[in-house]
$ cat upload.txt   # compact mmCIF, C-alpha atoms
# COMPACT_ATOMS: atom_id res chain seq x y z
CA MET A 1 99.12 119.12 86.80
CA SER A 2 96.64 116.25 87.15
CA SER A 3 93.25 115.85 85.49
CA PHE A 4 91.67 116.46 88.90
CA GLU A 5 92.73 120.09 89.21
CA ASN A 6 89.62 122.23 89.76
CA LYS A 7 87.40 119.17 89.21
CA LYS A 8 84.47 118.50 91.55
CA CYS A 9 84.54 114.81 92.43
CA ASP A 10 82.23 112.18 93.84
CA ILE A 11 83.95 111.05 97.03
CA GLY A 12 83.12 108.34 99.56
CA VAL A 13 84.43 108.58 103.11
CA LEU A 14 84.52 105.46 105.27
CA GLY A 15 84.63 106.39 108.95
CA THR A 16 83.23 109.44 110.72
CA GLY A 17 85.66 109.90 113.58
CA THR A 18 87.23 113.31 114.13
CA TRP A 19 89.75 113.05 111.28
CA GLY A 20 87.27 111.53 108.86
CA ILE A 21 84.65 114.19 109.55
CA ALA A 22 87.19 117.04 109.42
CA LEU A 23 88.21 115.87 105.95
CA CYS A 24 84.54 115.45 104.94
CA ARG A 25 84.02 119.09 105.84
CA LEU A 26 87.12 120.23 103.97
CA LEU A 27 86.15 118.31 100.82
CA ALA A 28 82.52 119.41 100.91
CA ASN A 29 83.47 123.06 101.40
CA LYS A 30 85.73 122.74 98.36
CA GLY A 31 82.70 121.70 96.31
CA HIS A 32 83.20 117.96 96.13
CA ARG A 33 80.16 115.69 96.45
CA VAL A 34 80.78 113.75 99.67
CA THR A 35 79.01 110.66 101.00
CA ALA A 36 80.18 109.45 104.42
CA TRP A 37 79.57 106.02 105.94
CA SER A 38 79.90 104.81 109.51
CA ALA A 39 79.46 101.35 110.96
CA ILE A 40 77.99 103.02 114.04
CA ALA A 41 74.35 103.81 113.31
CA GLU A 42 74.09 106.33 116.14
CA GLU A 43 76.92 108.41 114.62
CA VAL A 44 75.07 108.59 111.30
CA ASP A 45 71.86 109.68 113.01
CA ILE A 46 73.58 112.45 115.01
CA LEU A 47 75.50 113.78 112.02
CA THR A 48 72.41 113.72 109.81
CA GLU A 49 70.07 115.36 112.32
CA LYS A 50 72.34 117.79 114.19
CA HIS A 51 75.19 118.47 111.72
CA THR A 52 77.66 118.41 114.61
CA HIS A 53 80.29 116.00 115.89
CA PRO A 54 80.50 115.34 119.65
CA ASN A 55 84.31 115.36 119.64
CA LEU A 56 84.57 118.54 117.55
CA PRO A 57 82.40 120.98 119.50
CA GLY A 58 81.64 124.19 117.64
CA MET A 59 82.32 122.76 114.18
CA GLU A 60 79.38 122.91 111.81
CA VAL A 61 79.08 119.92 109.49
CA PRO A 62 78.07 121.03 105.97
CA GLU A 63 74.53 120.02 105.06
CA SER A 64 75.72 119.00 101.60
CA ILE A 65 77.41 115.90 103.06
CA ALA A 66 75.25 112.78 102.76
CA PHE A 67 75.59 110.37 105.69
CA THR A 68 74.72 106.72 105.27
CA LYS A 69 74.56 103.42 107.14
CA ASN A 70 74.88 101.54 103.84
CA MET A 71 78.50 101.23 102.70
CA GLU A 72 77.41 100.73 99.10
CA ASP A 73 76.26 104.37 98.97
CA ALA A 74 79.79 105.55 99.83
CA VAL A 75 81.62 103.16 97.51
CA LEU A 76 79.84 102.74 94.19
CA GLU A 77 80.18 105.38 91.45
CA LYS A 78 82.90 107.20 93.41
CA GLU A 79 86.12 108.65 91.96
CA LEU A 80 87.91 108.53 95.31
CA ILE A 81 87.29 106.51 98.47
CA LEU A 82 88.82 107.72 101.73
CA PHE A 83 89.58 105.08 104.39
CA ALA A 84 89.28 106.92 107.72
CA VAL A 85 88.59 103.94 109.99
CA PRO A 86 91.01 102.86 112.78
CA SER A 87 93.96 100.77 111.62
CA VAL A 88 92.59 97.56 113.14
CA PHE A 89 89.54 97.80 110.84
CA ILE A 90 91.37 98.56 107.59
CA ARG A 91 91.49 94.94 106.38
CA SER A 92 87.83 94.18 107.04
CA THR A 93 86.81 97.49 105.47
CA ALA A 94 88.98 96.80 102.41
CA LYS A 95 87.31 93.42 102.00
CA SER A 96 83.86 94.98 102.04
CA VAL A 97 84.90 97.63 99.54
CA SER A 98 86.52 95.03 97.29
CA ASP A 99 83.38 92.88 97.31
CA LEU A 100 81.25 95.88 96.33
CA LEU A 101 83.57 97.04 93.54
CA ARG A 102 84.05 93.57 92.09
CA GLY A 103 80.33 92.93 92.23
CA LYS A 104 79.74 96.06 90.17
CA SER A 105 82.48 95.74 87.56
CA GLY A 106 82.64 91.98 87.14
CA ASP A 107 86.08 92.51 85.60
CA GLU A 108 89.11 92.41 87.87
CA GLY A 109 91.46 93.39 85.07
CA LYS A 110 89.96 96.80 84.23
CA SER A 111 91.79 99.16 86.54
CA ASP A 112 90.10 102.23 85.04
CA VAL A 113 86.76 101.32 86.62
CA TYR A 114 88.22 101.59 90.13
CA PRO A 115 88.46 104.75 92.24
CA ILE A 116 91.62 106.08 93.83
CA ILE A 117 91.88 104.78 97.39
CA VAL A 118 93.23 107.12 100.08
CA THR A 119 94.10 105.95 103.57
CA VAL A 120 94.57 108.24 106.57
CA ALA A 121 94.84 105.39 109.08
CA LYS A 122 98.23 105.12 110.79
CA GLY A 123 99.54 101.75 111.85
CA VAL A 124 101.24 98.48 110.97
CA GLU A 125 99.18 95.29 110.96
CA LYS A 126 100.30 93.02 113.80
CA GLU A 127 99.88 89.70 112.03
CA THR A 128 101.53 90.59 108.71
CA LEU A 129 103.69 93.67 109.51
CA MET A 130 102.06 95.39 106.54
CA THR A 131 101.39 99.11 106.38
CA MET A 132 97.81 100.23 105.81
CA SER A 133 98.22 100.71 102.06
CA GLN A 134 99.83 97.27 101.82
CA VAL A 135 96.90 95.77 103.75
CA ILE A 136 94.46 97.36 101.29
CA HIS A 137 96.38 96.04 98.28
CA ASP A 138 96.70 92.60 99.89
CA GLN A 139 93.01 92.36 100.71
CA MET A 140 91.58 93.86 97.52
CA GLN A 141 93.92 92.14 95.02
CA ILE A 142 92.93 94.49 92.19
CA GLU A 143 95.51 94.97 89.45
CA GLY A 144 96.35 98.61 88.87
CA LEU A 145 94.58 99.86 92.02
CA LYS A 146 95.99 103.20 93.17
CA VAL A 147 96.37 103.55 96.95
CA VAL A 148 97.62 106.82 98.40
CA ALA A 149 98.61 107.53 102.02
CA LEU A 150 97.74 110.99 103.34
CA SER A 151 99.83 111.84 106.40
CA GLY A 152 101.39 114.77 108.25
CA PRO A 153 100.96 117.20 111.17
CA THR A 154 97.19 117.51 110.90
CA HIS A 155 95.18 117.28 114.09
CA ALA A 156 91.49 117.14 113.23
CA GLU A 157 90.73 119.66 115.96
CA GLU A 158 92.62 122.32 113.98
CA VAL A 159 91.89 121.26 110.39
CA ALA A 160 88.16 121.25 111.26
CA PHE A 161 88.39 124.97 112.01
CA ASP A 162 90.48 125.92 108.96
CA GLN A 163 93.74 126.46 110.82
CA PRO A 164 96.60 126.22 108.31
CA THR A 165 98.93 123.23 108.01
CA ALA A 166 100.59 120.98 105.43
CA ILE A 167 100.32 117.28 104.63
CA VAL A 168 101.87 114.65 102.35
CA SER A 169 100.17 112.69 99.57
CA ALA A 170 102.33 109.57 99.23
CA CYS A 171 102.26 107.00 96.44
CA GLU A 172 104.80 105.39 94.12
CA ASP A 173 102.49 106.42 91.27
CA MET A 174 102.98 110.18 91.01
CA ASP A 175 99.85 110.63 88.90
CA ALA A 176 97.76 109.25 91.78
CA ALA A 177 99.67 111.30 94.37
CA GLU A 178 99.16 114.48 92.35
CA ALA A 179 95.46 113.73 91.83
CA VAL A 180 95.00 113.49 95.60
CA GLN A 181 97.08 116.64 96.00
CA ASP A 182 94.67 118.50 93.73
CA ILE A 183 91.53 117.08 95.35
CA PHE A 184 92.53 117.91 98.94
CA MET A 185 94.59 121.10 98.62
CA THR A 186 93.00 124.30 99.88
CA SER A 187 94.20 127.71 101.02
CA LYS A 188 94.45 126.23 104.54
CA LEU A 189 95.76 122.73 103.75
CA ARG A 190 98.91 122.67 101.64
CA VAL A 191 99.53 119.22 100.13
CA TYR A 192 102.97 117.97 99.04
CA THR A 193 103.65 114.74 97.11
CA ASN A 194 106.13 112.03 98.10
CA PRO A 195 106.83 108.72 96.28
CA ASP A 196 108.07 107.02 99.48
CA ILE A 197 104.76 105.63 100.73
CA ASP A 198 106.46 102.99 102.90
CA GLY A 199 108.48 105.61 104.75
CA VAL A 200 105.51 107.92 105.15
CA GLU A 201 103.39 105.13 106.62
CA LEU A 202 106.13 103.85 108.93
CA CYS A 203 106.54 107.36 110.31
CA GLY A 204 102.78 107.62 110.79
CA ALA A 205 102.69 104.44 112.85
CA MET A 206 105.87 104.79 114.87
CA LYS A 207 105.50 108.47 115.82
CA ASN A 208 102.44 107.45 117.86
CA VAL A 209 104.61 105.12 119.94
CA ILE A 210 107.14 107.88 120.61
CA ALA A 211 104.29 110.27 121.49
CA LEU A 212 103.18 107.84 124.18
CA THR A 213 106.61 107.99 125.80
CA VAL A 214 106.64 111.80 125.66
CA GLY A 215 103.24 111.79 127.35
CA ILE A 216 104.52 109.48 130.07
CA SER A 217 107.44 111.85 130.63
CA LYS A 218 105.02 114.72 131.19
CA GLY A 219 102.83 112.56 133.42
CA LEU A 220 105.88 111.85 135.57
CA GLY A 221 106.44 115.58 135.95
CA PHE A 222 109.46 115.91 133.66
CA GLY A 223 109.97 119.08 131.65
CA ASP A 224 110.83 120.33 128.19
CA ASN A 225 114.37 118.94 128.22
CA ALA A 226 113.13 115.37 128.54
CA LYS A 227 110.45 116.02 125.91
CA ALA A 228 113.00 117.30 123.39
CA ALA A 229 115.38 114.43 124.11
CA LEU A 230 112.67 111.81 123.60
CA ILE A 231 111.46 113.40 120.36
CA THR A 232 115.01 113.63 118.99
CA ARG A 233 116.11 110.14 119.96
CA GLY A 234 112.70 108.76 119.03
CA MET A 235 113.10 110.21 115.55
CA GLU A 236 116.46 108.48 115.35
CA GLU A 237 114.75 105.15 116.08
CA ILE A 238 112.21 105.78 113.31
CA HIS A 239 115.02 106.77 110.94
CA ARG A 240 117.15 103.71 111.74
CA LEU A 241 114.29 101.29 111.25
CA GLY A 242 112.99 103.04 108.15
CA THR A 243 116.31 103.15 106.33
CA ALA A 244 116.88 99.48 107.16
CA MET A 245 113.53 98.82 105.47
CA GLY A 246 114.65 100.70 102.36
CA CYS A 247 112.76 103.96 102.93
CA GLU A 248 113.98 107.33 101.64
CA GLU A 249 116.22 109.40 103.95
CA ARG A 250 114.40 112.66 103.17
CA THR A 251 111.05 111.35 104.35
CA PHE A 252 112.16 111.39 107.98
CA SER A 253 113.01 115.09 107.94
CA GLY A 254 109.76 115.91 106.17
CA LEU A 255 106.15 116.58 107.14
CA ALA A 256 105.22 112.93 107.61
CA GLY A 257 108.39 112.35 109.64
CA ILE A 258 109.60 114.94 112.11
CA GLY A 259 106.60 117.18 111.37
CA ASP A 260 104.00 114.64 112.43
CA LEU A 261 106.13 113.44 115.35
CA ILE A 262 106.44 116.96 116.78
CA VAL A 263 102.71 117.66 116.72
CA THR A 264 101.71 114.23 118.03
CA ALA A 265 104.27 114.27 120.83
CA THR A 266 103.53 117.81 122.01
CA SER A 267 99.89 118.67 121.34
CA GLU A 268 97.11 118.43 123.88
CA HIS A 269 94.92 117.29 120.97
CA SER A 270 97.04 114.12 120.72
CA ARG A 271 95.33 111.00 122.04
CA ASN A 272 98.69 109.24 122.27
CA ASN A 273 100.23 112.08 124.25
CA ARG A 274 97.20 112.21 126.56
CA CYS A 275 97.20 108.44 127.04
CA GLY A 276 100.89 108.54 127.92
CA GLN A 277 100.34 111.31 130.45
CA LEU A 278 97.70 109.21 132.19
CA ILE A 279 100.01 106.18 132.28
CA GLY A 280 102.75 108.37 133.74
CA GLN A 281 100.30 109.51 136.42
CA GLY A 282 99.66 105.91 137.46
CA ARG A 283 96.84 104.61 135.27
CA SER A 284 97.17 101.26 133.57
CA PRO A 285 97.20 101.38 129.74
CA GLU A 286 93.65 99.99 129.74
CA GLU A 287 92.44 102.64 132.18
CA ALA A 288 94.20 105.37 130.20
CA VAL A 289 92.56 104.33 126.91
CA LYS A 290 89.16 104.26 128.57
CA GLU A 291 89.69 107.76 129.97
CA VAL A 292 90.87 109.11 126.60
CA GLY A 293 87.67 107.74 125.11
CA MET A 294 89.01 107.32 121.58
CA VAL A 295 91.33 104.96 119.69
CA VAL A 296 94.98 105.25 120.76
CA GLU A 297 96.87 104.05 117.69
CA GLY A 298 100.28 103.99 119.39
CA LEU A 299 99.20 101.07 121.53
CA ASN A 300 97.89 99.24 118.46
CA ALA A 301 101.17 99.82 116.58
CA LEU A 302 103.53 98.89 119.43
CA PRO A 303 103.60 95.07 118.94
CA SER A 304 104.23 95.49 115.20
CA ILE A 305 107.08 97.94 115.77
CA MET A 306 108.68 95.46 118.14
CA GLU A 307 108.44 92.72 115.52
CA LEU A 308 109.84 94.96 112.80
CA SER A 309 112.80 95.94 114.99
CA LYS A 310 113.56 92.24 115.52
CA LYS A 311 113.12 91.40 111.85
CA TYR A 312 115.59 94.09 110.76
CA ASN A 313 117.81 93.79 113.86
CA ILE A 314 117.46 97.47 114.72
CA GLU A 315 117.90 98.85 118.24
CA VAL A 316 114.87 100.88 119.39
CA PRO A 317 115.37 101.37 123.15
CA ILE A 318 112.66 104.02 123.65
CA SER A 319 110.04 101.97 121.83
CA GLN A 320 111.17 98.81 123.58
CA THR A 321 110.87 100.49 126.98
CA MET A 322 107.35 101.62 126.05
CA ASP A 323 106.55 98.01 125.17
CA ARG A 324 107.76 96.82 128.58
CA ILE A 325 105.50 99.36 130.29
CA VAL A 326 102.50 98.13 128.28
CA SER A 327 103.13 94.40 128.00
CA GLU A 328 104.98 93.73 131.26
CA GLY A 329 103.46 96.40 133.49
CA MET A 330 106.84 97.99 134.21
CA ASP A 331 106.63 101.08 136.40
CA PRO A 332 107.34 104.19 134.28
CA LYS A 333 109.80 105.50 136.89
CA LYS A 334 111.80 102.28 136.68
CA ALA A 335 111.61 102.45 132.89
CA THR A 336 113.09 105.95 133.01
CA ALA A 337 115.96 104.77 135.17
CA ILE A 338 116.69 101.92 132.74
CA LEU A 339 116.71 104.26 129.74
CA MET A 340 118.94 106.80 131.46
CA GLY A 341 121.28 104.08 132.73
CA ARG A 342 122.03 102.49 129.36
CA GLU A 343 125.69 102.15 128.37
CA ARG A 344 127.44 105.19 126.98
CA LYS A 345 127.04 105.81 123.23
CA SER A 346 128.13 108.17 120.50
CA GLU A 347 125.31 110.18 118.95
CA PHE A 348 126.58 109.16 115.49
$ encode --input "upload.txt" --output "structure tokens"
Amino acid sequence: MSSFENKKCDIGVLGTGTWGIALCRLLANKGHRVTAWSAIAEEVDILTEKHTHPNLPGMEVPESIAFTKNMEDAVLEKELILFAVPSVFIRSTAKSVSDLLRGKSGDEGKSDVYPIIVTVAKGVEKETLMTMSQVIHDQMQIEGLKVVALSGPTHAEEVAFDQPTAIVSACEDMDAAEAVQDIFMTSKLRVYTNPDIDGVELCGAMKNVIALTVGISKGLGFGDNAKAALITRGMEEIHRLGTAMGCEERTFSGLAGIGDLIVTATSEHSRNNRCGQLIGQGRSPEEAVKEVGMVVEGLNALPSIMELSKKYNIEVPISQTMDRIVSEGMDPKKATAILMGRERKSEF
């Protein structure tokens, strides 16, 4: 039991996309005091005036949530700060947060003045091969800072309407993981803890890549057999790479592993699945992203996954084929033939 059980907290949310706003709603309805910031002024105006989100039609945004264009309002005097911006903006956001927190405390050594940081972004930074929590630590350089990754089968389109699911609060520091568990857990969102934050974040990044390939399969007109095969062998790629990186075996069979992969690879809510379908139907990756109209994290993660597979000398044929489709413009039908024509293997 953490000190946050049944406590009403002051929470800042950075990013008001579908997942960020769904979590804002969940936290506000639980009684927490929520302030949400967006770098897009128009988003703040719409949320403040209409209490609706254009990509979550029918969801009512609680009036208790304060929306702001000033990041300071969502950072200072907060007990928890939620990073809900796309992965490519995590480092710049962490720098801004760090500057604000340091400016207030003036003492980098006092860890108790800093809030718990939670990241729901899924990706691996291309330049450094760091996970999102590692990027935050690297950028903020605050001793004792607690960073927790929240990940699992949780499409915003369902969480926003109180449909039940489960998620993982991951951190090596179990006190921090349990605090986040208490803050976020509701009768509709069951939160489990996991100390393997590296494994949880790798799964979160790589499952998006596999979901792209499953979408392409559907776009090509293939059926459930191909879908199941790609999910199963894709999970094997995630498992091989993750264990080579020192991650825990059990993570891959858990909510952040196979759970998140299943929902991302099969749901019509999945941007990665939808983007893959469009590529399979003949669109270029750029055209597909434009048609999806939102960030497609699998495409952002793909170069990093390729570099990690080289670094650890791990074979990832499905991910590598996806990379050839994106970076070399390979025709998805030819890519399928190459995958199916690989040399014979044992499953074990």
$ closest_residue --input "upload.txt" --among "A:Ser253, A:Gly234, A:Ser98, A:Pro332" --to "Glu315 (chain A)" --atoms "all atoms listed in the file"
A:Gly234
$ residues_around --input "upload.txt" --residues "Gln277 (chain A)" --least-positions-apart "6" --cutoff "10 Å" --atoms "all atoms listed in the file" --output "PyMOL selection string"
chain A and resi 211-221+271+283+288
$ atom_distance --input "upload.txt" --atom1 "CA of His137 (chain A)" --atom2 "CA of Ala177 (chain A)"
16.1 Å
$ residues_around --input "upload.txt" --residues "Thr321 (chain A)" --least-positions-apart "4" --cutoff "10 Å" --atoms "only C-alpha atoms" --output "JSON, numbers by chain"
{"A": [213, 316, 317, 325, 326, 327, 328, 330, 332, 334, 335, 336, 338, 339]}
$ closest_residue --input "upload.txt" --among "A:Arg342, A:Lys290, A:His155, A:Lys227" --to "Leu23 (chain A)" --atoms "all atoms listed in the file"
A:His155
$ residues_around --input "upload.txt" --residues "Gly259 (chain A)" --least-positions-apart "3" --cutoff "12 Å" --atoms "only C-alpha atoms" --output "list in words"
Ser151, Gly152, Pro153, Thr154, His155, Thr165, Ala166, Ile167, Val168, Val200, Cys203, Gly204, Lys207, Ile231, Thr232, Met235, Thr251, Phe252, Ser253, Gly254, Leu255, Ala256, Ile262, Val263, Thr264, Ala265 and Thr266 of chain A
$ closest_residue --input "upload.txt" --among "A:Ser319, A:Ser38, A:Thr119, A:Thr128" --to "Arg233 (chain A)" --atoms "all atoms listed in the file"
A:Ser319
